[in-house]
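As provided, input26.cif (mmCIF, C-alpha atoms) reads as follows.
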```cif
data_input
#
loop_
_atom_site.group_PDB
_atom_site.id
_atom_site.type_symbol
_atom_site.label_atom_id
_atom_site.label_comp_id
_atom_site.auth_asym_id
_atom_site.auth_seq_id
_atom_site.Cartn_x
_atom_site.Cartn_y
_atom_site.Cartn_z
ATOM 1 C CA MET A 669 0.000 0.000 0.000
ATOM 2 C CA MET A 670 1.375 3.388 -1.019
ATOM 3 C CA HIS A 671 1.542 6.105 1.635
ATOM 4 C CA THR A 672 1.834 9.725 0.516
ATOM 5 C CA ARG A 673 2.822 12.843 2.435
ATOM 6 C CA ALA A 674 2.806 16.299 0.874
ATOM 7 C CA PRO A 675 2.008 18.842 3.602
ATOM 8 C CA ILE A 676 1.999 22.554 2.882
ATOM 9 C CA GLN A 677 5.092 24.109 4.421
ATOM 10 C CA LEU A 678 3.848 27.430 5.686
ATOM 11 C CA TYR A 679 7.314 28.885 6.220
ATOM 12 C CA TYR A 680 8.323 28.300 2.603
ATOM 13 C CA LEU A 681 4.926 29.434 1.321
ATOM 14 C CA PHE A 682 5.324 32.675 3.264
ATOM 15 C CA LYS A 683 8.899 33.032 2.003
ATOM 16 C CA SER A 684 7.685 32.663 -1.604
ATOM 17 C CA PHE A 685 4.986 35.255 -0.973
ATOM 18 C CA VAL A 686 7.516 37.701 0.504
ATOM 19 C CA ILE A 687 9.926 37.198 -2.427
ATOM 20 C CA MET A 688 7.182 37.965 -4.925
ATOM 21 C CA PHE A 689 5.897 40.929 -2.929
ATOM 22 C CA LEU A 690 9.391 42.425 -2.608
ATOM 23 C CA ILE A 691 10.053 42.098 -6.347
ATOM 24 C CA GLN A 692 6.861 44.048 -7.054
ATOM 25 C CA ALA A 693 7.650 46.563 -4.303
ATOM 26 C CA VAL A 694 11.025 47.292 -5.910
ATOM 27 C CA ILE A 695 9.331 47.809 -9.286
ATOM 28 C CA VAL A 696 6.850 50.216 -7.680
ATOM 29 C CA LEU A 697 9.651 52.095 -5.896
ATOM 30 C CA LEU A 698 11.479 52.548 -9.207
ATOM 31 C CA THR A 699 8.345 53.959 -10.825
ATOM 32 C CA PRO A 700 7.974 57.791 -10.677
ATOM 33 C CA MET A 701 6.079 58.803 -7.551
ATOM 34 C CA ALA A 702 3.734 61.057 -9.572
ATOM 35 C CA LEU A 703 2.341 57.995 -11.320
ATOM 36 C CA THR A 704 1.914 55.793 -8.277
ATOM 37 C CA ALA A 705 0.870 58.255 -5.567
ATOM 38 C CA PRO A 706 -2.783 58.742 -6.673
ATOM 39 C CA ILE A 707 -3.459 54.991 -6.786
ATOM 40 C CA TRP A 708 -1.257 53.919 -3.881
ATOM 41 C CA TYR A 709 -3.800 51.641 -2.174
ATOM 42 C CA GLN A 710 -4.927 50.063 -5.448
ATOM 43 C CA ILE A 711 -1.292 49.235 -6.290
ATOM 44 C CA LEU A 712 -0.798 47.728 -2.838
ATOM 45 C CA ALA A 713 -3.932 45.589 -3.236
ATOM 46 C CA VAL A 714 -2.853 44.391 -6.675
ATOM 47 C CA ASN A 715 0.679 43.678 -5.365
ATOM 48 C CA LEU A 716 -0.714 41.592 -2.525
ATOM 49 C CA ALA A 717 -3.032 39.654 -4.825
ATOM 50 C CA VAL A 718 -0.285 39.028 -7.374
ATOM 51 C CA ALA A 719 2.159 38.057 -4.574
ATOM 52 C CA VAL A 720 -0.344 35.454 -3.312
ATOM 53 C CA ILE A 721 -0.763 33.926 -6.785
ATOM 54 C CA LEU A 722 2.897 34.045 -7.828
ATOM 55 C CA GLY A 723 4.045 33.061 -4.332
ATOM 56 C CA TRP A 724 1.917 29.913 -4.508
ATOM 57 C CA TYR A 725 3.326 29.209 -7.988
ATOM 58 C CA LEU A 726 6.914 29.761 -6.777
ATOM 59 C CA TYR A 727 6.298 27.556 -3.740
ATOM 60 C CA LYS A 728 4.992 24.736 -5.932
ATOM 61 C CA GLN A 729 7.902 25.168 -8.354
ATOM 62 C CA TRP A 730 10.716 25.284 -5.789
ATOM 63 C CA TYR A 731 9.787 24.159 -2.308
ATOM 64 C CA HIS A 732 6.814 21.811 -2.161
ATOM 65 C CA ILE A 733 7.870 18.345 -1.061
ATOM 66 C CA ASN A 734 6.004 15.222 -2.062
ATOM 67 C CA PHE A 735 6.975 11.956 -0.441
ATOM 68 C CA SER A 736 5.437 8.579 -1.072
ATOM 69 C CA TYR A 737 6.535 5.160 0.052
ATOM 70 C CA ASP A 738 5.508 1.563 0.282
ATOM 71 C CA SER A 739 7.177 -1.642 1.452
ATOM 72 C CA VAL A 740 9.435 -1.751 -1.622
ATOM 73 C CA GLY A 741 10.777 1.775 -1.887
ATOM 74 C CA PHE A 742 10.073 5.478 -1.853
ATOM 75 C CA ARG A 743 9.854 8.525 -4.074
ATOM 76 C CA LEU A 744 10.809 12.041 -2.982
ATOM 77 C CA GLY A 745 10.057 15.040 -5.142
ATOM 78 C CA LYS A 746 10.874 18.682 -4.463
ATOM 79 C CA GLY A 747 9.171 21.392 -6.490
ATOM 80 C CA LYS A 748 9.004 20.650 -10.172
ATOM 81 C CA SER A 749 12.352 18.871 -10.283
ATOM 82 C CA ALA A 750 12.358 15.198 -11.199
ATOM 83 C CA PRO A 751 11.523 13.004 -8.192
ATOM 84 C CA ILE A 752 14.192 10.755 -6.735
ATOM 85 C CA ARG A 753 13.297 7.088 -6.422
ATOM 86 C CA HIS A 754 15.025 4.516 -4.282
ATOM 87 C CA LYS A 755 14.348 1.045 -3.033
ATOM 88 C CA TRP A 756 14.698 0.338 0.673
ATOM 89 C CA SER A 757 17.049 -2.477 -0.291
ATOM 90 C CA ASP A 758 19.529 0.137 -1.641
ATOM 91 C CA PHE A 759 20.339 0.998 1.973
ATOM 92 C CA SER A 760 21.828 -0.884 4.865
ATOM 93 C CA GLN A 761 21.798 1.533 7.816
ATOM 94 C CA VAL A 762 19.333 4.117 9.088
ATOM 95 C CA SER A 763 19.887 7.000 11.458
ATOM 96 C CA LEU A 764 18.032 10.039 12.684
ATOM 97 C CA ALA A 765 19.941 13.266 12.159
ATOM 98 C CA ARG A 766 19.257 16.830 13.229
ATOM 99 C CA ASN A 767 20.407 19.525 10.812
ATOM 100 C CA ASP A 768 21.647 23.083 11.489
ATOM 101 C CA TYR A 769 18.076 24.413 11.557
ATOM 102 C CA GLY A 770 16.965 21.965 14.250
ATOM 103 C CA GLU A 771 14.957 19.900 11.768
ATOM 104 C CA PHE A 772 15.136 16.122 11.716
ATOM 105 C CA ASP A 773 16.036 13.996 8.710
ATOM 106 C CA VAL A 774 16.022 10.229 8.424
ATOM 107 C CA ARG A 775 19.450 9.453 7.009
ATOM 108 C CA LEU A 776 19.887 6.333 4.918
ATOM 109 C CA TYR A 777 23.301 4.848 4.283
ATOM 110 C CA GLY A 778 23.827 2.731 1.181
ATOM 111 C CA ASN A 779 26.841 1.671 -0.829
ATOM 112 C CA GLY A 780 28.885 4.839 -0.388
ATOM 113 C CA GLU A 781 25.706 6.842 -0.738
ATOM 114 C CA VAL A 782 23.844 8.852 1.881
ATOM 115 C CA PHE A 783 20.266 9.950 1.329
ATOM 116 C CA GLU A 784 18.126 12.081 3.637
ATOM 117 C CA ILE A 785 14.360 12.102 4.006
ATOM 118 C CA PRO A 786 13.283 15.455 5.528
ATOM 119 C CA VAL A 787 10.840 14.107 8.117
ATOM 120 C CA SER A 788 10.343 17.387 9.971
ATOM 121 C CA LYS A 789 9.388 19.132 6.733
ATOM 122 C CA LEU A 790 7.000 16.273 5.997
ATOM 123 C CA LYS A 791 5.439 16.842 9.431
ATOM 124 C CA MET A 792 5.976 13.267 10.589
ATOM 125 C CA ASP A 793 7.153 12.104 14.011
ATOM 126 C CA PRO A 794 10.898 11.684 13.324
ATOM 127 C CA PHE A 795 11.496 9.091 16.055
ATOM 128 C CA GLU A 796 8.535 6.918 15.068
ATOM 129 C CA PHE A 797 9.146 7.196 11.345
ATOM 130 C CA ARG A 798 12.838 6.318 11.767
ATOM 131 C CA LEU A 799 11.839 3.050 13.489
ATOM 132 C CA HIS A 800 9.348 2.365 10.696
ATOM 133 C CA VAL A 801 12.057 2.955 8.064
ATOM 134 C CA MET A 802 14.445 0.679 9.983
ATOM 135 C CA ASN A 803 11.853 -2.090 9.783
ATOM 136 C CA LEU A 804 11.259 -1.460 6.063
ATOM 137 C CA VAL A 805 15.010 -1.568 5.348
ATOM 138 C CA ALA A 806 15.418 -4.711 7.457
ATOM 139 C CA GLU A 807 12.508 -6.395 5.621
ATOM 140 C CA ALA A 808 13.845 -5.359 2.227
ATOM 141 C CA THR A 809 17.401 -6.527 2.895
ATOM 142 C CA ARG A 810 16.425 -9.779 4.597
ATOM 143 C CA PRO A 811 17.586 -12.706 2.469
ATOM 144 C CA SER A 812 14.575 -14.566 1.104
ATOM 145 C CA SER A 813 14.370 -18.189 2.176
ATOM 146 C CA MET B 842 7.133 -1.567 24.011
ATOM 147 C CA ASP B 843 8.056 -2.432 27.591
ATOM 148 C CA ALA B 844 9.253 -0.033 30.271
ATOM 149 C CA VAL B 845 12.944 -0.470 29.407
ATOM 150 C CA ASP B 846 12.371 0.201 25.698
ATOM 151 C CA ASN B 847 10.229 3.205 26.554
ATOM 152 C CA THR B 848 12.925 4.564 28.842
ATOM 153 C CA ILE B 849 15.577 4.096 26.145
ATOM 154 C CA ALA B 850 13.369 5.960 23.656
ATOM 155 C CA GLY B 851 12.923 8.686 26.285
ATOM 156 C CA LEU B 852 16.681 8.858 26.836
ATOM 157 C CA GLU B 853 17.270 9.279 23.126
ATOM 158 C CA LYS B 854 14.822 12.185 23.006
ATOM 159 C CA GLU B 855 16.338 13.683 26.139
ATOM 160 C CA MET B 856 19.788 13.668 24.572
ATOM 161 C CA MET B 857 18.760 15.010 21.181
ATOM 162 C CA LYS B 858 16.080 17.475 22.174
ATOM 163 C CA GLY B 859 16.323 17.923 25.933
ATOM 164 C CA ARG B 860 18.965 18.370 28.587
ATOM 165 C CA GLY B 861 21.643 16.530 26.609
ATOM 166 C CA ARG B 862 21.936 19.616 24.463
ATOM 167 C CA PHE B 863 23.347 21.566 27.428
ATOM 168 C CA VAL B 864 26.398 19.315 27.212
ATOM 169 C CA ALA B 865 26.856 18.659 23.512
ATOM 170 C CA ASP B 866 25.110 18.888 20.207
ATOM 171 C CA PHE B 867 23.967 15.270 19.913
ATOM 172 C CA ASP B 868 22.880 15.331 16.298
ATOM 173 C CA GLU B 869 22.803 11.812 14.882
ATOM 174 C CA SER B 870 21.215 8.800 16.480
ATOM 175 C CA PHE B 871 21.387 5.147 15.527
ATOM 176 C CA ARG B 872 19.093 2.478 17.002
ATOM 177 C CA ARG B 873 20.194 -1.156 17.320
ATOM 178 C CA TYR B 874 23.769 -0.094 16.593
ATOM 179 C CA ARG B 875 25.925 -3.158 16.145
ATOM 180 C CA VAL B 876 29.650 -3.128 16.873
ATOM 181 C CA GLY B 877 31.182 -6.584 16.592
ATOM 182 C CA ASP B 878 29.016 -8.866 18.695
ATOM 183 C CA VAL B 879 27.655 -6.055 20.875
ATOM 184 C CA THR B 880 24.413 -4.341 19.893
ATOM 185 C CA PHE B 881 23.721 -1.017 21.561
ATOM 186 C CA ASP B 882 20.085 -0.003 21.703
ATOM 187 C CA VAL B 883 21.067 3.594 20.994
ATOM 188 C CA PHE B 884 24.217 5.320 19.840
ATOM 189 C CA ILE B 885 24.125 9.097 19.464
ATOM 190 C CA SER B 886 27.102 10.997 18.132
ATOM 191 C CA GLY B 887 27.640 14.637 18.929
ATOM 192 C CA ASN B 888 30.031 17.521 19.164
ATOM 193 C CA THR B 889 30.673 19.855 22.059
ATOM 194 C CA ARG B 890 30.478 22.882 19.790
ATOM 195 C CA MET B 891 26.834 23.820 19.505
ATOM 196 C CA LYS B 892 25.157 24.923 16.342
ATOM 197 C CA GLY B 893 22.610 27.655 16.258
ATOM 198 C CA PHE B 894 21.928 31.069 14.892
ATOM 199 C CA LEU B 895 24.363 33.977 14.842
ATOM 200 C CA LEU B 896 24.882 34.789 18.529
ATOM 201 C CA SER B 897 24.794 31.240 19.892
ATOM 202 C CA ARG B 898 27.135 30.087 17.132
ATOM 203 C CA LEU B 899 29.562 32.926 17.907
ATOM 204 C CA PHE B 900 29.322 32.280 21.638
ATOM 205 C CA SER B 901 29.958 28.587 21.069
ATOM 206 C CA PHE B 902 32.883 29.280 18.739
ATOM 207 C CA PHE B 903 34.721 31.309 21.367
ATOM 208 C CA LEU B 904 33.790 29.422 24.523
ATOM 209 C CA ASN B 905 33.142 25.768 23.734
ATOM 210 C CA PRO B 906 35.764 23.162 22.928
ATOM 211 C CA ASN B 907 35.414 21.431 19.576
ATOM 212 C CA TYR B 908 35.492 17.662 19.844
ATOM 213 C CA GLU B 909 33.356 14.644 19.132
ATOM 214 C CA VAL B 910 31.496 12.856 21.916
ATOM 215 C CA GLY B 911 29.068 9.954 22.076
ATOM 216 C CA PHE B 912 26.178 8.528 24.034
ATOM 217 C CA PHE B 913 25.542 4.784 24.137
ATOM 218 C CA ALA B 914 22.644 3.005 25.788
ATOM 219 C CA ILE B 915 22.156 -0.716 26.205
ATOM 220 C CA SER B 916 19.299 -2.599 27.788
ATOM 221 C CA THR B 917 20.110 -5.201 30.399
ATOM 222 C CA ASP B 918 18.126 -8.183 31.574
ATOM 223 C CA ARG B 919 18.805 -11.470 33.335
ATOM 224 C CA ASP B 920 20.577 -12.885 30.248
ATOM 225 C CA ASN B 921 22.487 -9.691 29.630
ATOM 226 C CA GLU B 922 23.363 -8.690 33.198
ATOM 227 C CA PRO B 923 26.363 -6.365 33.454
ATOM 228 C CA ASN B 924 28.862 -8.503 35.351
ATOM 229 C CA PRO B 925 32.439 -7.112 35.506
ATOM 230 C CA ARG B 926 33.552 -9.085 32.455
ATOM 231 C CA ARG B 927 30.595 -8.065 30.308
ATOM 232 C CA LEU B 928 30.779 -4.451 31.453
ATOM 233 C CA ARG B 929 34.460 -4.339 30.568
ATOM 234 C CA LYS B 930 33.630 -5.714 27.129
ATOM 235 C CA TRP B 931 30.985 -3.010 26.584
ATOM 236 C CA ILE B 932 33.381 -0.295 27.713
ATOM 237 C CA LEU B 933 36.066 -1.618 25.360
ATOM 238 C CA THR B 934 33.526 -1.652 22.521
ATOM 239 C CA VAL B 935 32.584 1.947 23.331
ATOM 240 C CA LYS B 936 36.273 2.837 23.347
ATOM 241 C CA SER B 937 36.803 1.216 19.958
ATOM 242 C CA CYS B 938 33.963 3.385 18.580
ATOM 243 C CA MET B 939 35.542 6.399 20.236
ATOM 244 C CA THR B 940 38.873 5.710 18.551
ATOM 245 C CA LYS B 941 37.179 5.191 15.193
ATOM 246 C CA SER B 942 35.184 8.432 15.409
ATOM 247 C CA ASP B 943 37.880 10.416 17.231
ATOM 248 C CA MET B 944 35.697 11.011 20.296
ATOM 249 C CA LYS B 945 37.181 12.466 23.469
ATOM 250 C CA TRP B 946 34.654 10.952 25.830
ATOM 251 C CA ALA B 947 31.430 8.963 25.844
ATOM 252 C CA TRP B 948 28.554 8.119 28.104
ATOM 253 C CA LEU B 949 27.378 4.552 28.513
ATOM 254 C CA ALA B 950 23.914 4.151 30.022
ATOM 255 C CA LEU B 951 22.790 0.692 31.084
ATOM 256 C CA VAL B 952 19.026 0.471 31.327
ATOM 257 C CA GLY B 953 17.329 -2.300 33.267
ATOM 258 C CA GLU B 954 15.134 -3.220 36.174
ATOM 259 C CA SER B 955 15.997 -4.118 39.765
ATOM 260 C CA PRO B 956 19.762 -4.589 39.488
ATOM 261 C CA SER B 957 21.422 -7.018 41.884
ATOM 262 C CA ASP B 958 24.058 -5.817 44.357
ATOM 263 C CA SER B 959 26.829 -7.268 42.215
ATOM 264 C CA VAL B 960 25.584 -5.276 39.217
ATOM 265 C CA LYS B 961 25.558 -2.094 41.296
ATOM 266 C CA LYS B 962 29.070 -2.867 42.496
ATOM 267 C CA SER B 963 30.290 -3.489 38.922
ATOM 268 C CA VAL B 964 28.858 -0.162 37.768
ATOM 269 C CA ARG B 965 30.344 1.761 40.692
ATOM 270 C CA GLU B 966 33.745 0.247 39.968
ATOM 271 C CA ALA B 967 33.788 1.254 36.290
ATOM 272 C CA THR B 968 36.503 3.855 36.624
ATOM 273 C CA ASP B 969 37.512 4.536 33.041
ATOM 274 C CA PRO B 970 37.920 8.338 32.929
ATOM 275 C CA ALA B 971 36.871 8.616 29.250
ATOM 276 C CA VAL B 972 33.664 6.570 29.559
ATOM 277 C CA GLY B 973 31.037 7.662 32.049
ATOM 278 C CA VAL B 974 28.952 4.652 33.083
ATOM 279 C CA ALA B 975 25.599 4.750 34.835
ATOM 280 C CA TYR B 976 22.850 2.202 35.473
ATOM 281 C CA ILE B 977 19.309 3.461 35.051
ATOM 282 C CA ASP B 978 16.935 1.397 37.140
ATOM 283 C CA VAL B 979 13.531 1.726 35.523
ATOM 284 C CA SER B 980 11.644 0.050 38.372
ATOM 285 C CA SER B 981 12.890 2.288 41.208
ATOM 286 C CA ARG B 982 13.643 5.264 38.905
ATOM 287 C CA GLN B 983 17.115 5.548 40.387
ATOM 288 C CA ILE B 984 20.433 6.098 38.669
ATOM 289 C CA ILE B 985 23.544 4.374 39.945
ATOM 290 C CA SER B 986 26.703 5.913 38.578
ATOM 291 C CA ALA B 987 30.389 5.160 38.697
ATOM 292 C CA GLU B 988 32.579 7.444 40.739
ATOM 293 C CA THR B 989 34.118 9.218 37.766
ATOM 294 C CA TYR B 990 33.373 12.830 36.813
ATOM 295 C CA LEU B 991 31.742 11.851 33.503
ATOM 296 C CA ALA B 992 29.486 9.296 35.166
ATOM 297 C CA ARG B 993 28.346 11.820 37.771
ATOM 298 C CA GLN B 994 27.585 14.272 34.940
ATOM 299 C CA LEU B 995 25.569 11.605 33.141
ATOM 300 C CA LYS B 996 23.538 11.107 36.300
ATOM 301 C CA LYS B 997 22.975 14.852 36.475
ATOM 302 C CA TYR B 998 21.774 15.255 32.899
ATOM 303 C CA VAL B 999 19.697 12.131 32.496
ATOM 304 C CA LYS B 1000 16.052 12.366 33.366
ATOM 305 C CA ILE B 1001 14.159 9.100 33.522
ATOM 306 C CA ARG B 1002 11.015 9.455 31.517
ATOM 307 C CA GLU B 1003 8.936 6.883 29.808
ATOM 308 C CA LEU B 1004 7.286 7.628 26.548
ATOM 309 C CA LYS B 1005 3.545 7.071 26.631
#
```
In structure tokens, write the structure found in this file.
Amino acid sequence: MMHTRAPIQLYYLFKSFVIMFLIQAVIVLLTPMALTAPIWYQILAVNLAVAVILGWYLYKQWYHINFSYDSVGFRLGKGKSAPIRHKWSDFSQVSLARNDYGEFDVRLYGNGEVFEIPVSKLKMDPFEFRLHVMNLVAEATRPSS
Amino acid sequence: MDAVDNTIAGLEKEMMKGRGRFVADFDESFRRYRVGDVTFDVFISGNTRMKGFLLSRLFSFFLNPNYEVGFFAISTDRDNEPNPRRLRKWILTVKSCMTKSDMKWAWLALVGESPSDSVKKSVREATDPAVGVAYIDVSSRQIISAETYLARQLKKYVKIRELK
């Protein structure tokens, strides 16, 4: 059975909104004041509306994480970039790591390869999910009788 | 999960998210960590230099030493009771990990229920200065530590809590 997690990350959504709003704000600031002053509030309203739409688009393009897994493997996609697929059997060791921002990742060690699943960003319990992944890796790497 | 497993899970959280962070930045945890024929229930690696945002990072850079440390926990039961020979083997295993990862010191927590007097004696006599050993008795919620500085610190920073 395939499990899927793709929660909205409010921090990154807000960041996208702010980026888009600031770009428009700079454009407005570079426009002659005589043109913008009479319709100041209308411009602000349009900027906010456009920032919401473009911010959502930017978030989906760059930041949105989509993670799905089953007993065989998993697929992790970020934004519109091509998703990364792995089988649990590609890995032999699992750990739980905290990064510089205090977020937890489940770290998978394979043949000279390290892959991280951003569990905090996926809004999962890192300690529980790590144990679940350990079981999936153990099942996948168990020699079949 | 039984009480010992729950306590070990609680210890792991305490080290990574709780009071352990006052001592070191314990940032990577392995469960069922196998070294030779010894399997530790938890191994957490860390560094005494904390991470953080601007001020805490700067503060840490100037005031904290920069070396690797580790936390090991192992569950004990009747079949796995820490007699002097077994305890020495665990300490040597911890020390081999320390050498491999260039750690300066490590904590070894033994987690079990109702230890016998000989177990308590073995723990108290674990005097390796680089490995702080303590026995966490889940039933009486007491911590028996060796007489070394590191072991006394482990006792100070460990809080026995069971995960619900």
Suppose you want the space between atom CA of Arg798 of chain A and atom CA of Asp846 of chain B; what is it in Å?
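Taking atom CA of Arg798 of chain A as the start and atom CA of Asp846 of chain B as the end point, the length is 15.2 Å.
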Pull out every residue of chain A sitting within 6 Å of chain B, counting all atoms listed in the file, and send them as a list in words.
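Per the criterion, chain A yields Ser763, Leu764, Ala765 and Arg766 of chain A.
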Please write the residues picked by the PyMOL selection byres ((chain B and resi 915) around 10) on this file as a list of chain:residue names.
B:Val845, B:Asp846, B:Ile849, B:Arg873, B:Tyr874, B:Val879, B:Thr880, B:Phe881, B:Asp882, B:Val883, B:Phe884, B:Phe913, B:Ala914, B:Ser916, B:Thr917, B:Asn921, B:Trp931, B:Leu949, B:Ala950, B:Leu951, B:Val952, B:Gly953, B:Tyr976
Considering only C-alpha atoms, return as a list of chain:residue names whatever protein or nucleic-acid residues lie within 9 Å of segment 744-751 of chain A, sequence-local ones (same chain, fewer than 6 positions apart) excluded.
A:Leu726, A:Tyr727, A:Lys728, A:Gln729, A:Trp730, A:Tyr731, A:His732, A:Ile733, A:Asn734, A:Phe735, A:Ser736, A:Tyr737, A:Ile785
Using all atoms of segment 745-748 of chain A listed in the file and a margin of 4 Å per side, can you give the axis-aligned box centre and edge lengths in Å to one decimal, as AutoDock Vina command-line options?
```
--center_x 9.9 --center_y 18.2 --center_z -7.3 --size_x 9.9 --size_y 14.4 --size_z 13.7
```
Quick check on the file I pasted: which residues fall under the PyMOL selection byres ((chain A and resi 710-724) around 7)? Write them as JSON, numbers by chain.
{"A": [681, 684, 685, 688, 689, 692, 707, 708, 709, 725, 726, 727, 728]}
If you apply the PyMOL selection byres ((chain A and resi 771-782) around 7) to this file, what residues do you get, as a ChimeraX atom specification?
/A:758-767,769-770,783-788,794,798
With only C-alpha atoms as the atoms that count, which of A:Thr699, A:Lys789, A:Ser757, A:Thr672 lies nearest to Pro811 of chain A?
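Between A:Thr699, A:Lys789, A:Ser757, A:Thr672, the residue approaching Pro811 of chain A most closely is A:Ser757.
In this structure, atom CA of Gln983 of chain B sits 26.8 Å away from atom CA of Glu796 of chain A.
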Record the distance separating atom CA of Leu799 of chain A and atom CA of Trp756 of chain A, expressed in Å with one decimal.
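Calculated distance between atom CA of Leu799 of chain A and atom CA of Trp756 of chain A is 13.4 Å.
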Which residues are near Asp738 of chain A? Cut-off 10 Å, all atoms listed in the file, ignore same chain within fewer than 4 positions. Put them as a list in words.
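Neighbouring residues, sequence-local ones excluded: Met669, Met670, His671, Thr672, Phe742, Arg743, Lys755, Trp756 and Leu804 of chain A.
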Export of prior selection with C-alpha atoms as a short mmCIF file (atom, residue, chain, number, x, y, z; two decimals), in the frame of the given file:
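The result, stored in again.cif:
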```
data_model
loop_
_atom_site.label_atom_id
_atom_site.label_comp_id
_atom_site.auth_asym_id
_atom_site.auth_seq_id
_atom_site.Cartn_x
_atom_site.Cartn_y
_atom_site.Cartn_z
CA MET A 669 0.00 0.00 0.00
CA MET A 670 1.38 3.39 -1.02
CA HIS A 671 1.54 6.10 1.64
CA THR A 672 1.83 9.72 0.52
CA PHE A 742 10.07 5.48 -1.85
CA ARG A 743 9.85 8.52 -4.07
CA LYS A 755 14.35 1.04 -3.03
CA TRP A 756 14.70 0.34 0.67
CA LEU A 804 11.26 -1.46 6.06
#
```
Please check which residues have atoms at most 12 Å from (21.6, 0.4, 40.3) in the file's coordinates, counting all atoms listed in the file, and write them as a PyMOL selection string.
chain B and resi 917+922-923+950-965+974-987+996
With C-alpha atoms retained, export the selected residues as a tab-separated table (two decimals), in the coordinates of the input.
```
chain	number	residue	atom	x	y	z
B	917	THR	CA	20.11	-5.20	30.40
B	922	GLU	CA	23.36	-8.69	33.20
B	923	PRO	CA	26.36	-6.36	33.45
B	950	ALA	CA	23.91	4.15	30.02
B	951	LEU	CA	22.79	0.69	31.08
B	952	VAL	CA	19.03	0.47	31.33
B	953	GLY	CA	17.33	-2.30	33.27
B	954	GLU	CA	15.13	-3.22	36.17
B	955	SER	CA	16.00	-4.12	39.76
B	956	PRO	CA	19.76	-4.59	39.49
B	957	SER	CA	21.42	-7.02	41.88
B	958	ASP	CA	24.06	-5.82	44.36
B	959	SER	CA	26.83	-7.27	42.22
B	960	VAL	CA	25.58	-5.28	39.22
B	961	LYS	CA	25.56	-2.09	41.30
B	962	LYS	CA	29.07	-2.87	42.50
B	963	SER	CA	30.29	-3.49	38.92
B	964	VAL	CA	28.86	-0.16	37.77
B	965	ARG	CA	30.34	1.76	40.69
B	974	VAL	CA	28.95	4.65	33.08
B	975	ALA	CA	25.60	4.75	34.84
B	976	TYR	CA	22.85	2.20	35.47
B	977	ILE	CA	19.31	3.46	35.05
B	978	ASP	CA	16.93	1.40	37.14
B	979	VAL	CA	13.53	1.73	35.52
B	980	SER	CA	11.64	0.05	38.37
B	981	SER	CA	12.89	2.29	41.21
B	982	ARG	CA	13.64	5.26	38.90
B	983	GLN	CA	17.11	5.55	40.39
B	984	ILE	CA	20.43	6.10	38.67
B	985	ILE	CA	23.54	4.37	39.94
B	986	SER	CA	26.70	5.91	38.58
B	987	ALA	CA	30.39	5.16	38.70
B	996	LYS	CA	23.54	11.11	36.30
```
Could you give me segment 965-976 of chain B completed to N, CA and C atoms, formatted as a compact mmCIF listing (two decimals), keeping the file's coordinate frame?
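Written out: rebuild17.txt:
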```txt
# COMPACT_ATOMS: atom_id res chain seq x y z
N ARG B 965 29.62 0.78 39.88
CA ARG B 965 30.34 1.76 40.69
C ARG B 965 31.85 1.65 40.49
N GLU B 966 32.30 0.46 40.12
CA GLU B 966 33.74 0.25 39.97
C GLU B 966 34.24 0.49 38.54
N ALA B 967 33.36 0.95 37.67
CA ALA B 967 33.79 1.25 36.29
C ALA B 967 34.48 2.62 36.29
N THR B 968 35.78 2.60 36.37
CA THR B 968 36.50 3.86 36.62
C THR B 968 37.24 4.40 35.41
N ASP B 969 36.85 3.98 34.23
CA ASP B 969 37.51 4.54 33.04
C ASP B 969 37.19 6.03 32.94
N PRO B 970 38.21 6.90 32.91
CA PRO B 970 37.92 8.34 32.93
C PRO B 970 37.28 8.86 31.64
N ALA B 971 37.41 8.12 30.53
CA ALA B 971 36.87 8.62 29.25
C ALA B 971 35.47 8.09 28.97
N VAL B 972 35.02 7.13 29.77
CA VAL B 972 33.66 6.57 29.56
C VAL B 972 32.89 6.68 30.87
N GLY B 973 31.88 7.51 30.86
CA GLY B 973 31.04 7.66 32.05
C GLY B 973 29.93 6.62 32.04
N VAL B 974 29.92 5.76 33.06
CA VAL B 974 28.95 4.65 33.08
C VAL B 974 27.90 4.90 34.17
N ALA B 975 26.67 4.66 33.83
CA ALA B 975 25.60 4.75 34.84
C ALA B 975 24.55 3.68 34.55
N TYR B 976 23.93 3.19 35.61
CA TYR B 976 22.85 2.20 35.47
C TYR B 976 21.53 2.91 35.78
```
